[in-house]
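Structure file upload.pdb (PDB, C-alpha atoms) follows.
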MODEL        1
ATOM      1  CA  MET U   1      45.401 -39.038  12.859
ATOM      2  CA  GLU U   2      46.278 -39.676  16.512
ATOM      3  CA  LEU U   3      43.947 -41.782  18.693
ATOM      4  CA  ASN U   4      43.745 -41.382  22.493
ATOM      5  CA  GLU U   5      41.524 -43.762  24.484
ATOM      6  CA  PHE U   6      40.228 -43.426  28.043
ATOM      7  CA  THR U   7      37.848 -45.290  30.351
ATOM      8  CA  ALA U   8      35.748 -43.299  32.813
ATOM      9  CA  ALA U   9      36.166 -44.324  36.441
ATOM     10  CA  GLU U  10      33.479 -44.268  39.104
ATOM     11  CA  SER U  11      34.924 -40.957  40.355
ATOM     12  CA  ASP U  12      34.366 -39.444  36.879
ATOM     13  CA  GLU U  13      30.604 -40.102  36.960
ATOM     14  CA  GLY U  14      28.677 -36.903  36.203
ATOM     15  CA  LYS U  15      31.691 -34.997  34.809
ATOM     16  CA  ARG U  16      31.266 -33.177  31.517
ATOM     17  CA  ILE U  17      33.176 -34.820  28.689
ATOM     18  CA  ASP U  18      35.017 -31.578  27.754
ATOM     19  CA  SER U  19      36.127 -31.076  31.366
ATOM     20  CA  PHE U  20      37.288 -34.712  31.648
ATOM     21  CA  LEU U  21      39.359 -34.552  28.453
ATOM     22  CA  THR U  22      40.896 -31.183  29.369
ATOM     23  CA  SER U  23      42.074 -32.680  32.676
ATOM     24  CA  ASN U  24      43.493 -35.748  30.938
ATOM     25  CA  CYS U  25      45.122 -33.876  28.029
ATOM     26  CA  PRO U  26      47.095 -31.046  29.693
ATOM     27  CA  GLU U  27      48.711 -30.033  26.391
ATOM     28  CA  MET U  28      45.283 -29.048  24.986
ATOM     29  CA  THR U  29      43.010 -26.160  25.969
ATOM     30  CA  ARG U  30      39.343 -26.626  26.772
ATOM     31  CA  SER U  31      38.346 -24.681  23.647
ATOM     32  CA  MET U  32      40.471 -27.030  21.503
ATOM     33  CA  ILE U  33      38.751 -30.034  23.086
ATOM     34  CA  GLN U  34      35.305 -28.501  22.544
ATOM     35  CA  LYS U  35      36.084 -27.854  18.880
ATOM     36  CA  LEU U  36      37.144 -31.484  18.425
ATOM     37  CA  ILE U  37      33.880 -32.624  20.041
ATOM     38  CA  GLU U  38      31.845 -30.304  17.789
ATOM     39  CA  ASN U  39      33.650 -31.718  14.732
ATOM     40  CA  GLY U  40      32.785 -35.281  15.741
ATOM     41  CA  ASN U  41      36.336 -36.215  16.782
ATOM     42  CA  VAL U  42      35.255 -37.507  20.190
ATOM     43  CA  THR U  43      33.125 -40.595  20.734
ATOM     44  CA  VAL U  44      31.736 -42.240  23.855
ATOM     45  CA  ASN U  45      30.934 -45.933  23.495
ATOM     46  CA  GLU U  46      31.553 -45.455  19.749
ATOM     47  CA  LYS U  47      28.905 -42.727  19.451
ATOM     48  CA  VAL U  48      29.453 -39.031  18.688
ATOM     49  CA  ILE U  49      28.343 -36.889  21.639
ATOM     50  CA  ALA U  50      27.805 -33.220  22.576
ATOM     51  CA  LYS U  51      30.359 -31.232  24.619
ATOM     52  CA  ASN U  52      28.009 -31.175  27.636
ATOM     53  CA  TYR U  53      27.673 -34.968  27.718
ATOM     54  CA  LYS U  54      28.014 -36.230  31.308
ATOM     55  CA  LEU U  55      30.089 -39.331  31.845
ATOM     56  CA  LYS U  56      28.946 -42.615  33.302
ATOM     57  CA  ASN U  57      31.123 -45.177  35.046
ATOM     58  CA  LYS U  58      33.119 -47.336  32.575
ATOM     59  CA  ASP U  59      32.266 -45.157  29.554
ATOM     60  CA  SER U  60      34.722 -45.869  26.729
ATOM     61  CA  ILE U  61      36.060 -42.581  25.338
ATOM     62  CA  ALA U  62      37.959 -42.113  22.086
ATOM     63  CA  LEU U  63      39.649 -38.810  21.172
ATOM     64  CA  PHE U  64      40.770 -38.483  17.550
ATOM     65  CA  ILE U  65      43.320 -35.695  16.999
ATOM     66  CA  PRO U  66      43.626 -34.793  13.288
ATOM     67  CA  ASP U  67      47.087 -34.365  11.786
ATOM     68  CA  PRO U  68      48.128 -30.699  11.959
ATOM     69  CA  GLU U  69      47.805 -28.628   8.826
ATOM     70  CA  ILE U  70      51.208 -28.097   7.278
ATOM     71  CA  MET U  71      51.768 -24.382   7.024
ATOM     72  CA  GLU U  72      54.865 -22.820   5.625
ATOM     73  CA  ALA U  73      56.160 -19.511   6.898
ATOM     74  CA  LYS U  74      56.870 -17.020   4.132
ATOM     75  CA  PRO U  75      59.716 -14.477   4.014
ATOM     76  CA  GLU U  76      58.694 -10.880   4.715
ATOM     77  CA  ASN U  77      60.794  -7.756   4.426
ATOM     78  CA  ILE U  78      60.438  -6.638   8.042
ATOM     79  CA  PRO U  79      63.299  -4.587   9.559
ATOM     80  CA  LEU U  80      65.320  -6.375  12.251
ATOM     81  CA  ASP U  81      67.396  -4.851  15.044
ATOM     82  CA  ILE U  82      70.392  -7.216  14.875
ATOM     83  CA  VAL U  83      72.735  -6.928  17.853
ATOM     84  CA  TYR U  84      75.176  -9.662  16.723
ATOM     85  CA  GLU U  85      75.540 -11.925  13.696
ATOM     86  CA  ASP U  86      77.990 -14.466  12.264
ATOM     87  CA  ASP U  87      77.767 -17.633  10.162
ATOM     88  CA  ASP U  88      76.354 -19.712  13.039
ATOM     89  CA  LEU U  89      73.875 -17.478  14.814
ATOM     90  CA  LEU U  90      72.419 -14.054  15.240
ATOM     91  CA  VAL U  91      70.982 -12.180  18.206
ATOM     92  CA  VAL U  92      68.044  -9.874  17.558
ATOM     93  CA  ASN U  93      66.480  -7.228  19.747
ATOM     94  CA  LYS U  94      62.788  -8.111  19.387
ATOM     95  CA  PRO U  95      60.350  -5.214  19.697
ATOM     96  CA  LYS U  96      57.213  -5.330  21.818
ATOM     97  CA  ASN U  97      54.084  -6.590  19.993
ATOM     98  CA  MET U  98      56.010  -8.883  17.632
ATOM     99  CA  VAL U  99      55.087 -12.592  17.736
ATOM    100  CA  VAL U 100      58.130 -14.900  17.521
ATOM    101  CA  HIS U 101      56.765 -17.587  15.196
ATOM    102  CA  PRO U 102      53.635 -18.122  13.050
ATOM    103  CA  ALA U 103      50.674 -19.902  14.596
ATOM    104  CA  PRO U 104      46.937 -20.106  13.921
ATOM    105  CA  GLY U 105      45.710 -16.518  13.826
ATOM    106  CA  ASN U 106      49.257 -15.167  13.370
ATOM    107  CA  HIS U 107      50.505 -16.349   9.989
ATOM    108  CA  ASP U 108      52.552 -13.270   9.097
ATOM    109  CA  GLY U 109      54.366 -10.294  10.577
ATOM    110  CA  THR U 110      56.320 -12.552  12.944
ATOM    111  CA  LEU U 111      60.000 -12.665  13.762
ATOM    112  CA  VAL U 112      60.324 -15.902  11.766
ATOM    113  CA  ASN U 113      58.869 -14.217   8.669
ATOM    114  CA  ALA U 114      61.491 -11.481   9.034
ATOM    115  CA  LEU U 115      64.307 -13.991   9.633
ATOM    116  CA  LEU U 116      63.422 -15.987   6.506
ATOM    117  CA  TYR U 117      63.785 -12.813   4.442
ATOM    118  CA  HIS U 118      67.059 -11.830   6.121
ATOM    119  CA  CYS U 119      68.713 -15.273   6.300
ATOM    120  CA  GLY U 120      67.158 -17.153   3.386
ATOM    121  CA  ASN U 121      67.799 -20.861   3.831
ATOM    122  CA  SER U 122      70.455 -20.267   6.495
ATOM    123  CA  LEU U 123      68.394 -21.218   9.539
ATOM    124  CA  SER U 124      68.381 -24.394  11.606
ATOM    125  CA  GLY U 125      65.588 -26.840  10.826
ATOM    126  CA  ILE U 126      65.345 -28.615  14.190
ATOM    127  CA  ASN U 127      62.084 -26.933  15.218
ATOM    128  CA  GLY U 128      60.396 -27.495  11.855
ATOM    129  CA  VAL U 129      59.168 -25.242   9.067
ATOM    130  CA  MET U 130      57.174 -22.943  11.373
ATOM    131  CA  ARG U 131      59.996 -22.242  13.851
ATOM    132  CA  PRO U 132      63.245 -22.290  11.847
ATOM    133  CA  GLY U 133      66.214 -21.127  13.913
ATOM    134  CA  ILE U 134      64.174 -20.539  17.072
ATOM    135  CA  VAL U 135      66.138 -21.881  20.057
ATOM    136  CA  HIS U 136      64.143 -20.082  22.772
ATOM    137  CA  ARG U 137      61.344 -17.541  22.717
ATOM    138  CA  ILE U 138      59.976 -14.505  24.517
ATOM    139  CA  ASP U 139      56.340 -13.434  24.722
ATOM    140  CA  LYS U 140      54.743 -11.182  22.124
ATOM    141  CA  ASP U 141      54.509  -8.216  24.515
ATOM    142  CA  THR U 142      57.983  -8.738  25.995
ATOM    143  CA  SER U 143      60.827  -6.933  24.238
ATOM    144  CA  GLY U 144      64.495  -7.836  24.138
ATOM    145  CA  LEU U 145      67.266 -10.188  23.097
ATOM    146  CA  LEU U 146      66.651 -13.487  21.354
ATOM    147  CA  ILE U 147      69.206 -15.937  19.902
ATOM    148  CA  VAL U 148      68.558 -17.494  16.487
ATOM    149  CA  ALA U 149      70.525 -20.514  15.216
ATOM    150  CA  LYS U 150      71.599 -20.565  11.568
ATOM    151  CA  ASN U 151      72.382 -24.295  11.474
ATOM    152  CA  ASP U 152      71.504 -27.480  13.349
ATOM    153  CA  PHE U 153      74.991 -27.729  14.889
ATOM    154  CA  SER U 154      74.572 -24.367  16.628
ATOM    155  CA  HIS U 155      70.964 -25.094  17.551
ATOM    156  CA  ARG U 156      71.828 -28.334  19.355
ATOM    157  CA  LEU U 157      74.678 -26.807  21.377
ATOM    158  CA  LEU U 158      72.676 -23.701  22.300
ATOM    159  CA  ALA U 159      69.663 -25.803  23.331
ATOM    160  CA  GLU U 160      71.927 -27.945  25.521
ATOM    161  CA  GLN U 161      73.168 -24.816  27.341
ATOM    162  CA  ILE U 162      69.571 -23.806  28.056
ATOM    163  CA  LYS U 163      68.810 -27.324  29.305
ATOM    164  CA  VAL U 164      71.677 -27.322  31.839
ATOM    165  CA  HIS U 165      71.018 -23.685  32.854
ATOM    166  CA  SER U 166      74.442 -22.380  31.730
ATOM    167  CA  PHE U 167      72.708 -19.853  29.497
ATOM    168  CA  GLU U 168      72.458 -16.546  31.416
ATOM    169  CA  ARG U 169      69.440 -14.295  30.810
ATOM    170  CA  LYS U 170      68.585 -11.096  32.645
ATOM    171  CA  TYR U 171      65.502  -8.938  32.373
ATOM    172  CA  MET U 172      64.423  -5.484  33.510
ATOM    173  CA  ALA U 173      60.872  -4.940  34.724
ATOM    174  CA  VAL U 174      58.700  -2.507  36.608
ATOM    175  CA  VAL U 175      56.439  -4.354  39.037
ATOM    176  CA  TYR U 176      53.479  -3.224  41.112
ATOM    177  CA  GLY U 177      54.020  -2.404  44.778
ATOM    178  CA  ASN U 178      57.087  -2.074  46.947
ATOM    179  CA  LEU U 179      59.164  -5.227  47.364
ATOM    180  CA  LYS U 180      60.020  -5.905  50.993
ATOM    181  CA  ASP U 181      63.615  -7.033  50.337
ATOM    182  CA  ASP U 182      66.252  -5.476  48.078
ATOM    183  CA  GLU U 183      66.932  -8.877  46.550
ATOM    184  CA  GLY U 184      65.609 -12.398  46.750
ATOM    185  CA  THR U 185      64.850 -15.691  45.019
ATOM    186  CA  ILE U 186      61.514 -17.186  44.016
ATOM    187  CA  ASP U 187      61.777 -20.975  43.852
ATOM    188  CA  ALA U 188      58.282 -22.224  42.983
ATOM    189  CA  PRO U 189      57.168 -24.843  40.421
ATOM    190  CA  ILE U 190      55.149 -23.669  37.425
ATOM    191  CA  GLY U 191      52.524 -25.593  35.473
ATOM    192  CA  ARG U 192      49.370 -25.089  33.444
ATOM    193  CA  HIS U 193      46.527 -23.383  35.329
ATOM    194  CA  PRO U 194      43.933 -26.049  36.261
ATOM    195  CA  THR U 195      40.911 -24.052  35.057
ATOM    196  CA  ASP U 196      42.271 -21.379  32.687
ATOM    197  CA  ARG U 197      44.311 -23.310  30.121
ATOM    198  CA  LYS U 198      45.788 -20.145  28.589
ATOM    199  CA  LYS U 199      47.515 -19.276  31.857
ATOM    200  CA  MET U 200      50.393 -20.740  33.828
ATOM    201  CA  THR U 201      50.467 -20.768  37.630
ATOM    202  CA  VAL U 202      52.528 -21.790  40.649
ATOM    203  CA  ILE U 203      51.308 -25.325  41.275
ATOM    204  CA  GLN U 204      52.710 -28.585  42.629
ATOM    205  CA  LYS U 205      50.920 -31.060  40.347
ATOM    206  CA  ASN U 206      52.057 -31.498  36.708
ATOM    207  CA  SER U 207      54.628 -28.724  37.059
ATOM    208  CA  LYS U 208      58.332 -28.068  36.536
ATOM    209  CA  GLN U 209      60.851 -26.450  38.843
ATOM    210  CA  ALA U 210      61.223 -22.720  38.233
ATOM    211  CA  VAL U 211      63.710 -20.328  39.841
ATOM    212  CA  THR U 212      63.840 -16.531  39.428
ATOM    213  CA  HIS U 213      66.263 -14.179  41.195
ATOM    214  CA  TYR U 214      65.316 -10.516  41.625
ATOM    215  CA  LYS U 215      67.191  -7.373  42.670
ATOM    216  CA  VAL U 216      65.696  -3.931  43.305
ATOM    217  CA  ILE U 217      67.181  -1.147  41.174
ATOM    218  CA  GLU U 218      64.933   1.747  42.185
ATOM    219  CA  ARG U 219      61.776   2.253  44.217
ATOM    220  CA  PHE U 220      58.857   4.529  43.336
ATOM    221  CA  GLU U 221      55.484   5.232  44.895
ATOM    222  CA  GLY U 222      53.460   2.090  44.203
ATOM    223  CA  PHE U 223      56.036   0.520  41.854
ATOM    224  CA  THR U 224      59.520  -1.036  41.905
ATOM    225  CA  PHE U 225      62.095  -1.148  39.107
ATOM    226  CA  VAL U 226      63.827  -4.541  39.259
ATOM    227  CA  GLU U 227      66.432  -6.711  37.544
ATOM    228  CA  LEU U 228      65.463 -10.383  37.165
ATOM    229  CA  THR U 229      67.748 -13.313  36.417
ATOM    230  CA  LEU U 230      66.313 -16.567  35.109
ATOM    231  CA  GLU U 231      67.785 -19.800  36.430
ATOM    232  CA  THR U 232      65.156 -21.788  34.514
ATOM    233  CA  GLY U 233      63.077 -20.837  31.487
ATOM    234  CA  ARG U 234      59.437 -21.798  31.973
ATOM    235  CA  THR U 235      56.549 -20.298  30.017
ATOM    236  CA  HIS U 236      55.602 -16.880  31.472
ATOM    237  CA  GLN U 237      58.052 -17.566  34.332
ATOM    238  CA  ILE U 238      58.820 -14.005  35.440
ATOM    239  CA  ARG U 239      55.209 -12.891  35.045
ATOM    240  CA  VAL U 240      53.864 -15.849  37.050
ATOM    241  CA  HIS U 241      56.528 -15.680  39.762
ATOM    242  CA  MET U 242      56.183 -11.944  40.386
ATOM    243  CA  ALA U 243      52.386 -12.211  40.475
ATOM    244  CA  SER U 244      52.677 -15.121  42.928
ATOM    245  CA  ILE U 245      54.437 -12.902  45.503
ATOM    246  CA  GLY U 246      51.938 -10.065  45.031
ATOM    247  CA  HIS U 247      54.040  -7.925  42.680
ATOM    248  CA  PRO U 248      52.847  -8.567  39.092
ATOM    249  CA  VAL U 249      54.630  -6.922  36.178
ATOM    250  CA  SER U 250      53.162  -3.511  35.314
ATOM    251  CA  GLY U 251      50.820  -3.582  32.331
ATOM    252  CA  ASP U 252      50.510  -7.376  32.344
ATOM    253  CA  PRO U 253      47.026  -8.089  30.927
ATOM    254  CA  VAL U 254      47.003 -11.729  32.076
ATOM    255  CA  TYR U 255      48.608 -11.836  35.524
ATOM    256  CA  GLY U 256      48.222  -8.218  36.609
ATOM    257  CA  PRO U 257      45.270  -6.401  38.222
ATOM    258  CA  LYS U 258      42.046  -5.926  36.247
ATOM    259  CA  LYS U 259      42.742  -2.219  35.796
ATOM    260  CA  ILE U 260      45.548  -2.380  33.211
ATOM    261  CA  ILE U 261      48.023   0.401  32.437
ATOM    262  CA  THR U 262      46.984   0.518  28.773
ATOM    263  CA  SER U 263      49.702   2.997  27.741
ATOM    264  CA  LEU U 264      52.322   0.229  28.163
ATOM    265  CA  GLY U 265      50.662  -2.007  25.559
ATOM    266  CA  GLY U 266      51.429  -5.118  27.584
ATOM    267  CA  GLN U 267      53.850  -6.055  30.342
ATOM    268  CA  CYS U 268      56.765  -3.724  31.156
ATOM    269  CA  LEU U 269      59.390  -6.446  30.710
ATOM    270  CA  HIS U 270      62.604  -6.305  28.671
ATOM    271  CA  ALA U 271      65.199  -9.060  28.093
ATOM    272  CA  TYR U 272      68.227  -6.783  28.253
ATOM    273  CA  TYR U 273      71.173  -9.159  28.835
ATOM    274  CA  ILE U 274      72.233 -12.533  27.480
ATOM    275  CA  SER U 275      75.444 -14.521  27.966
ATOM    276  CA  PHE U 276      76.308 -17.918  26.474
ATOM    277  CA  VAL U 277      79.163 -19.959  25.047
ATOM    278  CA  HIS U 278      79.473 -19.612  21.289
ATOM    279  CA  PRO U 279      78.853 -23.104  19.844
ATOM    280  CA  ARG U 280      81.661 -22.832  17.288
ATOM    281  CA  THR U 281      84.414 -20.847  19.039
ATOM    282  CA  GLY U 282      83.796 -21.970  22.624
ATOM    283  CA  LYS U 283      84.180 -18.356  23.780
ATOM    284  CA  THR U 284      81.647 -16.639  26.024
ATOM    285  CA  LEU U 285      79.514 -14.120  24.171
ATOM    286  CA  THR U 286      77.855 -11.456  26.321
ATOM    287  CA  LEU U 287      75.383  -8.992  24.820
ATOM    288  CA  SER U 288      73.045  -6.339  26.151
ATOM    289  CA  SER U 289      70.467  -3.906  24.807
ATOM    290  CA  ASP U 290      69.222  -0.519  25.948
ATOM    291  CA  LEU U 291      65.795  -0.145  27.490
ATOM    292  CA  PRO U 292      63.198   0.618  24.786
ATOM    293  CA  ASP U 293      61.272   3.891  24.676
ATOM    294  CA  TYR U 294      58.049   2.512  26.196
ATOM    295  CA  PHE U 295      60.070   1.413  29.235
ATOM    296  CA  THR U 296      62.096   4.614  29.721
ATOM    297  CA  ASP U 297      58.977   6.764  29.206
ATOM    298  CA  PHE U 298      57.228   4.838  32.003
ATOM    299  CA  LEU U 299      60.225   5.265  34.314
ATOM    300  CA  THR U 300      60.231   8.998  33.590
ATOM    301  CA  LYS U 301      56.544   9.242  34.523
ATOM    302  CA  LEU U 302      57.180   7.360  37.776
ATOM    303  CA  LYS U 303      60.058   9.653  38.693
TER     304      LYS U 303
ENDMDL
END
Transcribe the structure of this file into structure tokens.
Amino acid sequence: MELNEFTAAESDEGKRIDSFLTSNCPEMTRSMIQKLIENGNVTVNEKVIAKNYKLKNKDSIALFIPDPEIMEAKPENIPLDIVYEDDDLLVVNKPKNMVVHPAPGNHDGTLVNALLYHCGNSLSGINGVMRPGIVHRIDKDTSGLLIVAKNDFSHRLLAEQIKVHSFERKYMAVVYGNLKDDEGTIDAPIGRHPTDRKKMTVIQKNSKQAVTHYKVIERFEGFTFVELTLETGRTHQIRVHMASIGHPVSGDPVYGPKKIITSLGGQCLHAYYISFVHPRTGKTLTLSSDLPDYFTDFLTKLK
């Protein structure tokens, strides 16, 4: 069990304990904090308190985080669209609505479950039993290319390429509105949203640099078909960046307008191109995938 200790300052007087801990533990959501409080894992001055407890100056706060439950992903015979495969890695074309790795509430039906069936024990172990082989990820409702490492050697070298931004990734998207310029760059830091912990946002405090390049492919009435190139790989980067300039991704239920295009079943975003140096051969491997049906059907409607 992990123990985190805090002392309330004079400026914290009157703050709710759940709000205070959420601000001081950016890796945890408010609902997670509230659940820990309800389970008696938070004390103030060595006494268990309620989630609406209001702090006093110099209160001594202890947050006990239980050890995570050890879950083990199980192999499942789920078809995979494999674009490339060798002894070191494979590249899959992930469909929309497929979660990449198991998590609370999503124990099965994920890409990892399918990979365990397809690869057996031939997956890297660097990211643990719940994320074997996963070097990078794309959102559940984003389709497209994803690299999977079959051994730790490949995983380390691929992760290093992502870290130094030599790993090229391009996406196709349809965004709301008509972009003013035919191409441009969004250079804006991204961090956790200060009040909605499930969202990311453009923010200066507790953020990381994020750079997205965009290029207009075709314009429609009320929408623009664009190509996007990632220079960095932050959580929800494209979705946050496009929303920040007033052109959210079509169908995006989190960063788009309240009236969602439900027929898209999520954001109209496809990772269509990937280019990287093969960790074993040292040769550049460039792969692409066709736009999926949901995407081409939407384009046809717009035309």
Query - Expansion of the PyMOL selection byres ((chain U and resi 207) around 8) into residues, as a ChimeraX atom specification - result: /U:189-192,203-206,208-209
Mind dumping the selected residues with C-alpha atoms as an mmCIF file, in the frame of the given file?
data_model
loop_
_atom_site.group_PDB
_atom_site.id
_atom_site.type_symbol
_atom_site.label_atom_id
_atom_site.label_comp_id
_atom_site.auth_asym_id
_atom_site.auth_seq_id
_atom_site.Cartn_x
_atom_site.Cartn_y
_atom_site.Cartn_z
ATOM 1 C CA PRO U 189 57.168 -24.843 40.421
ATOM 2 C CA ILE U 190 55.149 -23.669 37.425
ATOM 3 C CA GLY U 191 52.524 -25.593 35.473
ATOM 4 C CA ARG U 192 49.370 -25.089 33.444
ATOM 5 C CA ILE U 203 51.308 -25.325 41.275
ATOM 6 C CA GLN U 204 52.710 -28.585 42.629
ATOM 7 C CA LYS U 205 50.920 -31.060 40.347
ATOM 8 C CA ASN U 206 52.057 -31.498 36.708
ATOM 9 C CA LYS U 208 58.332 -28.068 36.536
ATOM 10 C CA GLN U 209 60.851 -26.450 38.843
#
Report task. I would like the residues chosen by the PyMOL selection byres ((chain U and resi 211-215) around 8) on the shown file; could you give them as an NGL selection string? Result -> :U and (182-189 or 209-210 or 216-217 or 226-232 or 237-238 or 241)
Once you have the residues from the selection above, write them out as a compact mmCIF listing (two decimals), in the coordinates of the input, restricted to C-alpha atoms.
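The file below, part-v2.txt, is the result:
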# COMPACT_ATOMS: atom_id res chain seq x y z
CA ASP U 182 66.25 -5.48 48.08
CA GLU U 183 66.93 -8.88 46.55
CA GLY U 184 65.61 -12.40 46.75
CA THR U 185 64.85 -15.69 45.02
CA ILE U 186 61.51 -17.19 44.02
CA ASP U 187 61.78 -20.98 43.85
CA ALA U 188 58.28 -22.22 42.98
CA PRO U 189 57.17 -24.84 40.42
CA GLN U 209 60.85 -26.45 38.84
CA ALA U 210 61.22 -22.72 38.23
CA VAL U 216 65.70 -3.93 43.30
CA ILE U 217 67.18 -1.15 41.17
CA VAL U 226 63.83 -4.54 39.26
CA GLU U 227 66.43 -6.71 37.54
CA LEU U 228 65.46 -10.38 37.16
CA THR U 229 67.75 -13.31 36.42
CA LEU U 230 66.31 -16.57 35.11
CA GLU U 231 67.78 -19.80 36.43
CA THR U 232 65.16 -21.79 34.51
CA GLN U 237 58.05 -17.57 34.33
CA ILE U 238 58.82 -14.00 35.44
CA HIS U 241 56.53 -15.68 39.76
Find the nearest atom pair between each residue of region 39-112 of chain U and region 257-275 of chain U for residues within 12 Å, count all atoms listed in the file, give distances in Å to one decimal, sort rows by chain and ascending number, and present the table as JSON lines.
{"residue": "U:Val83", "atom": "CA", "partner": "U:Ile274", "partner_atom": "CA", "distance": 11.2}
{"residue": "U:Tyr84", "atom": "CA", "partner": "U:Ile274", "partner_atom": "CA", "distance": 11.5}
{"residue": "U:Val91", "atom": "CA", "partner": "U:Ile274", "partner_atom": "CA", "distance": 9.4}
{"residue": "U:Val92", "atom": "CA", "partner": "U:Ala271", "partner_atom": "CA", "distance": 10.9}
{"residue": "U:Asn93", "atom": "CA", "partner": "U:Ala271", "partner_atom": "CA", "distance": 8.6}
{"residue": "U:Lys94", "atom": "CA", "partner": "U:Ala271", "partner_atom": "CA", "distance": 9.1}
{"residue": "U:Pro95", "atom": "CA", "partner": "U:His270", "partner_atom": "CA", "distance": 9.3}
{"residue": "U:Lys96", "atom": "CA", "partner": "U:Gly266", "partner_atom": "CA", "distance": 8.2}
{"residue": "U:Asn97", "atom": "CA", "partner": "U:Gly265", "partner_atom": "CA", "distance": 8.0}
{"residue": "U:Met98", "atom": "CA", "partner": "U:Gly266", "partner_atom": "CA", "distance": 11.6}
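Among the candidate residues U:Lys301, U:Arg16, U:His278, U:Lys140, the one lying nearest to Asp86 (chain U) is U:His278, with distances computed using all atoms listed in the file.
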Residues matched by the PyMOL selection byres ((chain U and resi 255) around 12), written as a CSV table (one decimal) with C-alpha atoms, keeping the file's coordinate frame:
chain,number,residue,atom,x,y,z
U,175,VAL,CA,56.4,-4.4,39.0
U,176,TYR,CA,53.5,-3.2,41.1
U,193,HIS,CA,46.5,-23.4,35.3
U,196,ASP,CA,42.3,-21.4,32.7
U,198,LYS,CA,45.8,-20.1,28.6
U,199,LYS,CA,47.5,-19.3,31.9
U,200,MET,CA,50.4,-20.7,33.8
U,201,THR,CA,50.5,-20.8,37.6
U,202,VAL,CA,52.5,-21.8,40.6
U,236,HIS,CA,55.6,-16.9,31.5
U,237,GLN,CA,58.1,-17.6,34.3
U,238,ILE,CA,58.8,-14.0,35.4
U,239,ARG,CA,55.2,-12.9,35.0
U,240,VAL,CA,53.9,-15.8,37.0
U,241,HIS,CA,56.5,-15.7,39.8
U,242,MET,CA,56.2,-11.9,40.4
U,243,ALA,CA,52.4,-12.2,40.5
U,244,SER,CA,52.7,-15.1,42.9
U,245,ILE,CA,54.4,-12.9,45.5
U,246,GLY,CA,51.9,-10.1,45.0
U,247,HIS,CA,54.0,-7.9,42.7
U,248,PRO,CA,52.8,-8.6,39.1
U,249,VAL,CA,54.6,-6.9,36.2
U,250,SER,CA,53.2,-3.5,35.3
U,251,GLY,CA,50.8,-3.6,32.3
U,252,ASP,CA,50.5,-7.4,32.3
U,253,PRO,CA,47.0,-8.1,30.9
U,254,VAL,CA,47.0,-11.7,32.1
U,256,GLY,CA,48.2,-8.2,36.6
U,257,PRO,CA,45.3,-6.4,38.2
U,258,LYS,CA,42.0,-5.9,36.2
U,259,LYS,CA,42.7,-2.2,35.8
U,260,ILE,CA,45.5,-2.4,33.2
U,266,GLY,CA,51.4,-5.1,27.6
U,267,GLN,CA,53.8,-6.1,30.3
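Interatomic distance, CA of Phe153 (chain U) to CA of Ile126 (chain U): 9.7 Å.
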Query raised in the report: Using all atoms listed in the file, which of U:Ile147, U:Ile65, U:Ile138, U:Val277 sits nearest Arg234 (chain U)?
Result: U:Ile138
Requested in this report: Would you please work out which residue, of U:Ser289, U:Ser11, U:Gln34, U:Ser23, is nearest to Lys170 (chain U) when using all atoms listed in the file?
Outcome: U:Ser289
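Pairwise distance (CA of Val112 (chain U), CA of Arg156 (chain U)) equals 18.6 Å.
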Requested in this report: Using CA of His155 (chain U) and CA of Asn77 (chain U) as the two end points, give the distance in Å to one decimal.
Outcome: 24.0 Å
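With all atoms listed in the file as the basis for measurement, U:Asp12 is the residue among U:Glu27, U:Asp12, U:Asp290, U:Asp139 that approaches Lys56 (chain U) most closely.
Each of U:Asn41, U:Ser31, U:Asn178, U:Thr22 was checked against Leu3 (chain U) using all atoms listed in the file; the smallest atom-to-atom distance is that of U:Asn41.
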Query - Using all atoms listed in the file: which of U:Arg197, U:Lys163, U:His118, U:Arg137 has the shortest distance to Arg30 (chain U) - result: U:Arg197
